[in-house]
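Engineer: Provided herewith: coords-v2.txt, compact mmCIF, C-alpha atoms.
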# COMPACT_ATOMS: atom_id res chain seq x y z
CA MET B 1 -0.26 15.92 -7.21
CA LYS B 2 2.00 17.90 -9.51
CA LEU B 3 4.46 16.79 -12.17
CA VAL B 4 7.33 18.02 -10.02
CA ASP B 5 6.27 15.53 -7.31
CA LEU B 6 6.47 12.68 -9.81
CA VAL B 7 9.88 13.83 -11.00
CA GLU B 8 11.11 13.83 -7.40
CA HIS B 9 9.59 10.56 -6.19
CA LEU B 10 10.40 8.55 -9.31
CA SER B 11 13.77 10.14 -10.17
CA LEU B 12 12.53 11.10 -13.63
CA GLU B 13 14.85 12.91 -15.99
CA VAL B 14 13.27 16.04 -17.44
CA LYS B 15 14.08 16.33 -21.14
CA THR B 16 12.32 19.61 -21.85
CA PRO B 17 14.13 22.37 -19.96
CA GLY B 18 11.85 25.16 -18.89
CA ALA B 19 8.74 22.98 -19.05
CA ASP B 20 6.00 23.78 -16.57
CA LEU B 21 6.28 21.11 -13.88
CA THR B 22 3.73 22.75 -11.60
CA ARG B 23 0.96 21.21 -13.68
CA GLU B 24 -1.57 19.18 -11.80
CA VAL B 25 -1.70 15.45 -12.58
CA THR B 26 -5.10 13.85 -12.07
CA GLY B 27 -4.58 10.39 -13.53
CA GLY B 28 -2.44 8.20 -15.71
CA TYR B 29 -2.62 6.36 -19.02
CA VAL B 30 -0.30 3.75 -20.51
CA SER B 31 -0.33 3.08 -24.25
CA ASP B 32 2.01 2.93 -27.22
CA MET B 33 -0.74 3.27 -29.80
CA LEU B 34 -1.49 6.92 -30.37
CA SER B 35 -4.89 6.17 -31.86
CA ASP B 36 -5.79 4.54 -28.54
CA VAL B 37 -4.56 7.57 -26.58
CA ILE B 38 -6.63 9.87 -28.78
CA ALA B 39 -9.68 7.71 -28.16
CA ASN B 40 -9.28 6.97 -24.46
CA ALA B 41 -6.84 9.10 -22.47
CA LYS B 42 -8.31 11.70 -20.12
CA ALA B 43 -7.19 15.29 -19.78
CA GLY B 44 -4.85 15.90 -16.86
CA SER B 45 -3.29 12.44 -17.13
CA VAL B 46 0.36 11.66 -17.22
CA TRP B 47 1.02 9.47 -20.29
CA VAL B 48 3.45 6.57 -20.01
CA THR B 49 4.75 5.30 -23.35
CA PHE B 50 7.65 3.86 -25.31
CA GLN B 51 6.76 5.87 -28.42
CA SER B 52 9.09 8.79 -29.06
CA HIS B 53 7.85 9.96 -32.46
CA LEU B 54 7.06 13.64 -32.97
CA ASN B 55 3.34 12.81 -33.11
CA ILE B 56 3.23 12.17 -29.34
CA VAL B 57 3.42 15.93 -28.75
CA ALA B 58 0.44 16.70 -30.96
CA VAL B 59 -1.58 13.92 -29.35
CA ALA B 60 -0.68 15.08 -25.83
CA SER B 61 -1.59 18.63 -26.74
CA LEU B 62 -4.89 17.55 -28.29
CA LYS B 63 -5.87 15.53 -25.23
CA GLY B 64 -4.70 17.97 -22.56
CA ILE B 65 -2.13 15.49 -21.22
CA SER B 66 -0.12 16.96 -18.29
CA GLY B 67 3.13 15.34 -19.27
CA ILE B 68 4.71 12.41 -21.09
CA ILE B 69 6.99 9.86 -19.45
CA LEU B 70 9.10 7.77 -21.84
CA VAL B 71 10.03 4.45 -20.30
CA LYS B 72 13.21 2.39 -20.31
CA ASN B 73 15.33 5.49 -20.92
CA ARG B 74 13.87 5.84 -24.38
CA VAL B 75 15.64 8.76 -26.04
CA PRO B 76 13.19 11.22 -27.58
CA ASP B 77 13.89 12.40 -31.13
CA GLU B 78 15.37 15.87 -31.48
CA ASP B 79 12.26 17.04 -33.37
CA THR B 80 10.02 15.69 -30.64
CA LEU B 81 11.78 17.73 -27.97
CA LYS B 82 11.74 20.88 -30.06
CA LYS B 83 8.01 20.54 -30.70
CA ALA B 84 7.38 19.69 -27.04
CA SER B 85 9.07 22.93 -25.95
CA GLN B 86 7.00 24.92 -28.43
CA GLU B 87 3.76 23.28 -27.30
CA ASN B 88 4.75 23.38 -23.64
CA ILE B 89 4.38 19.62 -23.15
CA PRO B 90 6.82 18.34 -20.52
CA ILE B 91 8.66 15.15 -21.53
CA MET B 92 10.42 13.07 -18.91
CA THR B 93 12.21 9.73 -19.06
CA SER B 94 12.40 6.87 -16.59
CA SER B 95 14.75 3.92 -16.49
CA LEU B 96 11.83 1.69 -15.45
CA PRO B 97 9.72 -0.38 -17.86
CA ALA B 98 6.09 0.71 -18.28
CA PHE B 99 4.66 -1.99 -15.99
CA GLU B 100 6.84 -0.99 -13.05
CA LEU B 101 6.44 2.72 -13.61
CA ALA B 102 2.65 2.39 -13.74
CA GLY B 103 2.82 0.46 -10.45
CA ARG B 104 4.83 3.23 -8.82
CA LEU B 105 2.42 5.89 -10.08
CA TYR B 106 -0.47 3.92 -8.66
CA THR B 107 1.31 3.57 -5.34
CA LEU B 108 1.79 7.34 -5.25
CA GLY B 109 -2.00 7.63 -5.34
CA LEU B 110 -2.75 8.32 -9.00
CA ARG B 111 -5.95 6.67 -10.25
CA MET Z 1 -1.55 6.90 -75.33
CA THR Z 2 -2.44 5.48 -71.94
CA VAL Z 3 -3.46 1.93 -71.10
CA GLU Z 4 -5.11 0.61 -67.94
CA PHE Z 5 -2.83 -1.82 -66.12
CA VAL Z 6 -3.97 -4.10 -63.31
CA ALA Z 7 -1.56 -4.04 -60.38
CA ASP Z 8 -1.21 -5.86 -57.08
CA LEU Z 9 1.51 -3.84 -55.36
CA HIS Z 10 1.91 -5.75 -52.11
CA ILE Z 11 2.67 -9.47 -52.22
CA HIS Z 12 4.74 -11.49 -49.74
CA THR Z 13 6.83 -14.50 -50.75
CA CYS Z 14 7.88 -17.48 -48.66
CA LEU Z 15 10.74 -15.31 -47.40
CA SER Z 16 8.31 -13.58 -45.06
CA PRO Z 17 7.97 -15.72 -41.95
CA CYS Z 18 4.21 -15.19 -41.82
CA ALA Z 19 3.64 -16.15 -45.49
CA GLU Z 20 2.77 -19.67 -46.57
CA LEU Z 21 5.56 -21.80 -48.00
CA SER Z 22 3.54 -22.15 -51.21
CA MET Z 23 4.29 -18.46 -51.93
CA THR Z 24 7.22 -19.23 -54.20
CA PRO Z 25 8.21 -16.71 -56.88
CA ARG Z 26 7.22 -19.17 -59.61
CA ASP Z 27 3.76 -19.86 -58.23
CA ILE Z 28 3.13 -16.20 -57.43
CA VAL Z 29 3.92 -15.22 -61.02
CA GLU Z 30 1.80 -18.06 -62.42
CA LYS Z 31 -1.13 -17.09 -60.22
CA ALA Z 32 -0.85 -13.42 -61.13
CA ALA Z 33 -0.67 -14.30 -64.83
CA SER Z 34 -3.76 -16.49 -64.56
CA LEU Z 35 -5.65 -13.55 -63.07
CA GLY Z 36 -4.60 -11.12 -65.79
CA ILE Z 37 -2.50 -9.00 -63.44
CA ASN Z 38 0.11 -6.92 -65.31
CA ILE Z 39 2.21 -5.51 -62.48
CA ILE Z 40 3.09 -6.90 -59.06
CA ALA Z 41 5.36 -5.72 -56.27
CA VAL Z 42 7.19 -8.22 -54.09
CA CYS Z 43 7.30 -6.79 -50.57
CA ASP Z 44 8.73 -9.10 -47.95
CA HIS Z 45 9.27 -8.00 -44.39
CA ASN Z 46 12.57 -6.14 -44.06
CA SER Z 47 14.17 -8.12 -46.87
CA ALA Z 48 14.29 -8.36 -50.67
CA GLU Z 49 16.07 -11.65 -51.20
CA ASN Z 50 13.37 -13.22 -53.39
CA VAL Z 51 12.88 -10.16 -55.57
CA SER Z 52 15.43 -10.86 -58.28
CA VAL Z 53 14.16 -14.35 -59.12
CA THR Z 54 10.53 -13.17 -59.13
CA ARG Z 55 11.48 -10.39 -61.50
CA ASP Z 56 13.14 -12.85 -63.93
CA LEU Z 57 10.12 -15.14 -63.85
CA GLY Z 58 7.77 -12.21 -64.31
CA ARG Z 59 9.65 -11.08 -67.38
CA GLU Z 60 9.09 -14.51 -68.99
CA ARG Z 61 5.35 -14.26 -68.33
CA GLY Z 62 4.93 -10.62 -69.30
CA ILE Z 63 4.45 -9.37 -65.75
CA TYR Z 64 6.39 -6.35 -64.52
CA VAL Z 65 7.72 -7.08 -61.03
CA ILE Z 66 8.54 -4.09 -58.86
CA ALA Z 67 11.39 -4.61 -56.40
CA GLY Z 68 9.94 -3.88 -52.98
CA MET Z 69 10.28 -4.35 -49.25
CA GLU Z 70 7.88 -3.86 -46.36
CA ILE Z 71 9.91 -2.06 -43.74
CA ASN Z 72 8.99 -2.02 -40.06
CA SER Z 73 9.90 1.34 -38.49
CA SER Z 74 10.89 1.94 -34.87
CA GLU Z 75 7.26 2.94 -34.13
CA GLU Z 76 6.14 -0.40 -35.60
CA VAL Z 77 4.67 1.31 -38.64
CA HIS Z 78 4.83 -0.67 -41.89
CA VAL Z 79 6.08 1.21 -44.94
CA LEU Z 80 6.43 -0.19 -48.45
CA GLY Z 81 9.53 0.82 -50.34
CA LEU Z 82 9.11 0.29 -54.10
CA PHE Z 83 12.15 0.49 -56.35
CA GLY Z 84 12.86 0.45 -60.06
CA ASP Z 85 16.31 -1.12 -59.95
CA LEU Z 86 17.57 -4.13 -58.09
CA LYS Z 87 20.64 -2.21 -56.97
CA ASP Z 88 18.41 0.31 -55.22
CA VAL Z 89 16.40 -2.27 -53.32
CA PHE Z 90 19.57 -4.07 -52.29
CA GLN Z 91 21.15 -0.85 -51.04
CA MET Z 92 18.00 -0.25 -49.03
CA GLN Z 93 18.16 -3.81 -47.74
CA GLU Z 94 21.73 -3.24 -46.55
CA VAL Z 95 20.65 -0.23 -44.48
CA ILE Z 96 17.69 -2.16 -43.10
CA TYR Z 97 19.87 -5.11 -42.10
CA GLU Z 98 22.27 -2.74 -40.30
CA ASN Z 99 19.37 -1.30 -38.35
CA LEU Z 100 17.21 -4.38 -37.81
CA GLN Z 101 16.62 -5.51 -34.28
CA PRO Z 102 19.23 -8.17 -33.46
CA GLY Z 103 18.27 -11.78 -32.94
CA GLU Z 104 17.72 -14.93 -34.92
CA ASN Z 105 14.41 -16.02 -36.42
CA ASP Z 106 12.61 -18.69 -34.40
CA GLU Z 107 10.98 -20.83 -37.08
CA ASP Z 108 8.60 -22.49 -34.62
CA ALA Z 109 7.31 -19.17 -33.38
CA PHE Z 110 7.29 -17.06 -36.54
CA GLY Z 111 7.68 -19.40 -39.53
CA MET Z 112 10.39 -20.18 -42.06
CA GLN Z 113 12.15 -17.54 -44.15
CA VAL Z 114 12.90 -19.34 -47.38
CA ILE Z 115 15.02 -18.14 -50.28
CA VAL Z 116 14.14 -20.06 -53.46
CA ASN Z 117 15.19 -20.21 -57.10
CA GLU Z 118 13.24 -20.21 -60.38
CA THR Z 119 12.22 -23.84 -60.05
CA ASN Z 120 10.99 -23.73 -56.45
CA GLU Z 121 14.20 -25.22 -55.07
CA VAL Z 122 15.25 -24.04 -51.62
CA MET Z 123 18.49 -22.06 -51.86
CA GLY Z 124 18.71 -21.18 -48.20
CA PHE Z 125 17.06 -19.69 -45.15
CA ASN Z 126 17.33 -16.13 -43.97
CA LYS Z 127 18.32 -16.28 -40.29
CA ARG Z 128 17.58 -12.68 -39.38
CA LEU Z 129 14.64 -11.60 -37.25
CA LEU Z 130 12.69 -10.30 -40.24
CA ILE Z 131 9.49 -10.05 -38.23
CA GLY Z 132 11.22 -7.52 -35.94
CA SER Z 133 11.42 -3.76 -36.19
CA THR Z 134 14.24 -1.49 -37.24
CA ASN Z 135 15.54 1.36 -35.12
CA LEU Z 136 14.70 3.80 -37.93
CA SER Z 137 11.82 6.23 -37.41
CA VAL Z 138 9.11 6.28 -40.05
CA ASN Z 139 10.38 9.71 -41.12
CA ARG Z 140 13.87 8.28 -41.62
CA VAL Z 141 12.56 5.20 -43.47
CA VAL Z 142 10.73 7.39 -45.98
CA ASP Z 143 13.80 9.62 -46.44
CA LEU Z 144 15.97 6.56 -47.04
CA ILE Z 145 13.54 5.14 -49.61
CA HIS Z 146 13.66 8.45 -51.44
CA SER Z 147 17.46 8.58 -51.26
CA PHE Z 148 17.50 5.32 -53.24
CA ASP Z 149 15.02 6.72 -55.79
CA GLY Z 150 12.17 4.64 -54.43
CA LEU Z 151 8.51 5.29 -53.75
CA ALA Z 152 7.26 5.23 -50.14
CA VAL Z 153 3.79 3.87 -49.47
CA ALA Z 154 2.17 3.78 -46.02
CA SER Z 155 0.95 0.17 -45.66
CA HIS Z 156 -2.65 -0.71 -44.83
CA ILE Z 157 -3.53 2.60 -43.16
CA ASP Z 158 -6.94 1.19 -42.22
CA ARG Z 159 -5.40 -1.45 -39.97
CA ASP Z 160 -4.75 -0.66 -36.31
CA GLY Z 161 -1.80 -3.00 -35.98
CA TYR Z 162 1.25 -1.75 -37.89
CA GLY Z 163 -0.77 0.89 -39.75
CA ILE Z 164 0.51 4.43 -39.42
CA ILE Z 165 -2.74 5.94 -38.14
CA GLY Z 166 -3.20 3.19 -35.56
CA GLN Z 167 0.36 3.56 -34.29
CA LEU Z 168 0.81 7.32 -34.58
CA GLY Z 169 -2.74 8.66 -34.41
CA PHE Z 170 -2.49 10.52 -37.71
CA ILE Z 171 -0.14 10.70 -40.67
CA PRO Z 172 2.68 13.07 -39.76
CA PRO Z 173 2.33 15.93 -42.25
CA GLU Z 174 6.10 16.29 -42.58
CA VAL Z 175 6.51 12.74 -43.92
CA GLY Z 176 6.45 12.73 -47.71
CA PHE Z 177 4.60 9.56 -48.62
CA ASP Z 178 4.11 8.97 -52.34
CA ALA Z 179 0.95 6.97 -51.73
CA LEU Z 180 -1.23 5.44 -49.06
CA GLU Z 181 -2.37 1.84 -49.16
CA ILE Z 182 -5.87 0.75 -48.19
CA SER Z 183 -6.10 -2.94 -47.32
CA SER Z 184 -8.53 -5.34 -48.94
CA ARG Z 185 -10.52 -5.32 -45.70
CA MET Z 186 -11.90 -1.87 -46.45
CA GLY Z 187 -14.06 -0.98 -49.43
CA PRO Z 188 -13.34 2.06 -51.61
CA GLU Z 189 -16.38 4.00 -50.40
CA GLU Z 190 -15.63 3.46 -46.73
CA ALA Z 191 -12.00 4.45 -47.33
CA ARG Z 192 -13.05 7.68 -49.00
CA SER Z 193 -15.17 8.69 -46.03
CA SER Z 194 -12.78 7.42 -43.33
CA PHE Z 195 -9.65 9.02 -44.71
CA ALA Z 196 -11.03 12.16 -46.32
CA PRO Z 197 -8.24 14.34 -44.83
CA TYR Z 198 -5.68 12.42 -46.87
CA ARG Z 199 -7.26 12.78 -50.29
CA HIS Z 200 -4.40 14.96 -51.51
CA LEU Z 201 -2.20 11.85 -51.70
CA SER Z 202 -2.52 9.00 -54.19
CA TRP Z 203 -4.20 5.89 -52.88
CA VAL Z 204 -3.54 2.32 -53.86
CA SER Z 205 -5.10 -0.89 -52.65
CA SER Z 206 -3.46 -4.29 -52.77
CA SER Z 207 -3.93 -7.83 -51.56
CA ASP Z 208 -1.04 -7.94 -49.03
CA ALA Z 209 -1.19 -11.63 -49.99
CA HIS Z 210 0.46 -14.16 -47.69
CA ARG Z 211 -1.29 -17.11 -49.45
CA LEU Z 212 -1.62 -17.86 -53.16
CA GLU Z 213 -5.41 -17.63 -53.07
CA ASP Z 214 -5.18 -14.04 -51.80
CA ILE Z 215 -3.23 -12.70 -54.78
CA GLY Z 216 -5.35 -10.24 -56.70
CA LYS Z 217 -8.00 -10.16 -53.96
CA ARG Z 218 -7.64 -6.40 -54.34
CA THR Z 219 -5.96 -4.61 -57.20
CA THR Z 220 -5.24 -1.05 -58.24
CA ARG Z 221 -5.74 0.26 -61.77
CA LEU Z 222 -2.83 2.22 -63.16
CA VAL Z 223 -3.69 4.30 -66.20
CA MET Z 224 -0.34 5.08 -67.79
CA ARG Z 225 1.73 4.56 -70.92
CA HIS Z 226 3.87 1.53 -70.17
CA ALA Z 227 4.37 -0.95 -67.36
CA THR Z 228 7.53 0.67 -66.00
CA PHE Z 229 8.65 2.12 -62.71
CA GLU Z 230 9.06 5.58 -64.22
CA GLU Z 231 5.45 5.49 -65.41
CA LEU Z 232 4.32 4.40 -61.92
CA GLN Z 233 6.15 7.39 -60.44
CA LEU Z 234 4.37 9.70 -62.88
CA ALA Z 235 1.01 8.01 -62.34
CA LEU Z 236 1.21 8.47 -58.56
CA ARG Z 237 1.69 12.17 -59.19
CA GLY Z 238 -1.18 12.22 -61.67
CA ALA Z 239 1.13 13.59 -64.35
CA GLY Z 240 0.04 13.95 -67.98
CA GLY Z 241 -3.43 12.48 -67.56
CA ARG Z 242 -2.15 9.33 -65.82
CA LYS Z 243 -4.39 7.97 -63.10
CA VAL Z 244 -4.37 5.59 -60.16
CA TRP Z 245 -7.63 4.20 -58.80
CA PHE Z 246 -9.26 1.23 -57.12
As a first step, turn the structure in this file into structure tokens.
Structural biologist:
Amino acid sequence: MKLVDLVEHLSLEVKTPGADLTREVTGGYVSDMLSDVIANAKAGSVWVTFQSHLNIVAVASLKGISGIILVKNRVPDEDTLKKASQENIPIMTSSLPAFELAGRLYTLGLR
Amino acid sequence: MTVEFVADLHIHTCLSPCAELSMTPRDIVEKAASLGINIIAVCDHNSAENVSVTRDLGRERGIYVIAGMEINSSEEVHVLGLFGDLKDVFQMQEVIYENLQPGENDEDAFGMQVIVNETNEVMGFNKRLLIGSTNLSVNRVVDLIHSFDGLAVASHIDRDGYGIIGQLGFIPPEVGFDALEISSRMGPEEARSSFAPYRHLSWVSSSDAHRLEDIGKRTTRLVMRHATFEELQLALRGAGGRKVWF
């Protein structure tokens, strides 16, 4: 499955224009603690979070995260989006809360 | 000439919902005096309404009381703002109140938020949700502290919950903290090996006391000329042979 499929099926809003949505997504991880993501998220995952601080880009980059989905229409900081474009980390938003979004991702077949 | 002062720069009063009611300004000052502590900072959650009275009591007992607040950022990172003047801490408090998550404190769930006077009499209760977070990013909180001439200290960086490294993975290099705080749970040696990348900043360690018996459980030594805020600012920069250690 590719990021573009998630965007389509879950009506995600893409916040980083020009981001590479053809990236393969091989799993998912939900966490708002970046130390936990650093310790436990797997490369290729889509990361579901409420955190919008600039540091999410560095953590995603470090871990080889395919893309970040901010839940509940969380608005990413300006700096975060700028850094995300530089680092080529796609950031998307969803109106759903994390629990529901994770359920939808699971239903789409992500494990 | 420099002198070594003993400081506990993170103490909650009974205004913090999670602190014991026995944490009145009078009893905090008495306890600190009995332990030979020279400088304390009152840092309640998102509020500074017991600072002024603590400062007056401290003056009587020869303890310098720094006007502080422990601010909860939008990422749920705790940051101490330390200020020299009451007007600065109250200006900061105004901004925090404007940006604090709405809602009223539930005393059964979180505890009472008591404002008291010099003689331990209850003057009122703060109704705000002081345990909540603000909608200000940690970067913005630190900038605001600096705009009111304060010092910004990252609280208990060794703690997962509400510590900046736990919440944000690492300390954002663009955020200009004046110091990092190690909690009393971690020894100095362990801190030095765990947080080696952050040795370029000054480190302090404090009790984060929520109960009287915890005051002074950990202190920081400030080697400086006088017990003043200006000297603390210089000491955190290591200026003129001043030192900060624990």
Engineer: Pick out the chain B residues within 7 Å of chain Z. Count only C-alpha atoms. Give them as a compact mmCIF listing (two decimals) with C-alpha atoms, in the frame of the given file.
Structural biologist:
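Everything below was put into result-v4.txt:
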# COMPACT_ATOMS: atom_id res chain seq x y z
CA MET B 33 -0.74 3.27 -29.80
CA LEU B 34 -1.49 6.92 -30.37
CA SER B 35 -4.89 6.17 -31.86
CA ILE B 38 -6.63 9.87 -28.78
CA GLN B 51 6.76 5.87 -28.42
CA ASN B 55 3.34 12.81 -33.11
Engineer: Name the residues in contact with Leu105 of chain B at a cut-off of 12 Å, using only C-alpha atoms, excluding same-chain residues fewer than 2 positions from it; report them as JSON, numbers by chain.
Structural biologist: {"B": [1, 3, 5, 6, 7, 9, 10, 12, 25, 26, 27, 28, 29, 30, 45, 46, 47, 48, 69, 94, 96, 98, 99, 100, 101, 102, 103, 107, 108, 109, 110, 111]}
Engineer: Considering all atoms listed in the file, can you say which of B:Lys82, B:Tyr106, B:Pro97, B:Asp36 comes closest to Pro17 of chain B?
Structural biologist: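 Closest residue, counting all atoms listed in the file: B:Lys82.
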Engineer: Have a look at Z:Glu49, Z:Asp143, Z:Asp158, Z:Glu60 and name the one nearest to Met123 of chain Z; count only C-alpha atoms.
Structural biologist: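 Using only C-alpha atoms, Met123 of chain Z sits closest to Z:Glu49.
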Engineer: What does the distance between atom CA of Ala19 of chain Z and atom CA of Asp44 of chain Z come to in Å, to one decimal place?
Structural biologist: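 Separation of atom CA of Ala19 of chain Z and atom CA of Asp44 of chain Z: 9.0 Å.
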Engineer: So which residues are close to (3.4, 8.4, -52.3), meaning at most 9 Å away in the file's coordinates with all atoms listed in the file counted, and can you show them as a ChimeraX atom specification?
Structural biologist: /Z:151-154,176-180,201-203,233,236-237
Engineer: Identify the residues around (1.5, 7.3, -65.5) within a radius of 10 Å, measuring from only C-alpha atoms in the coordinates stated by the file, and give them as number ranges by chain.
Structural biologist: Z: 2-4, 222-244
Engineer: Which of these residues is nearest to Val204 of chain Z, using all atoms listed in the file: Z:Ser183, Z:Gln91, Z:Asn38, Z:Asn120?
Structural biologist: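 Distance minimum relative to Val204 of chain Z lands on Z:Ser183.
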Engineer: Could you tell me how far atom CA of Leu35 of chain Z lies from atom CA of Ile63 of chain Z, in Å and to one decimal?
Structural biologist: 11.3 Å
Engineer: Could you tell me how far atom CA of Phe90 of chain Z sits from atom CA of Gly58 of chain Z, in Å to one decimal place?
Structural biologist: 18.7 Å
Engineer: Let me make sure I understand: among Z:Ile39, Z:Ile66, Z:Ala33, Z:Ile215, which one has the smallest atom-to-atom distance to Ser52 of chain Z if we use all atoms listed in the file?
Structural biologist: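 Ranked by minimum distance to Ser52 of chain Z, first place goes to Z:Ile66.
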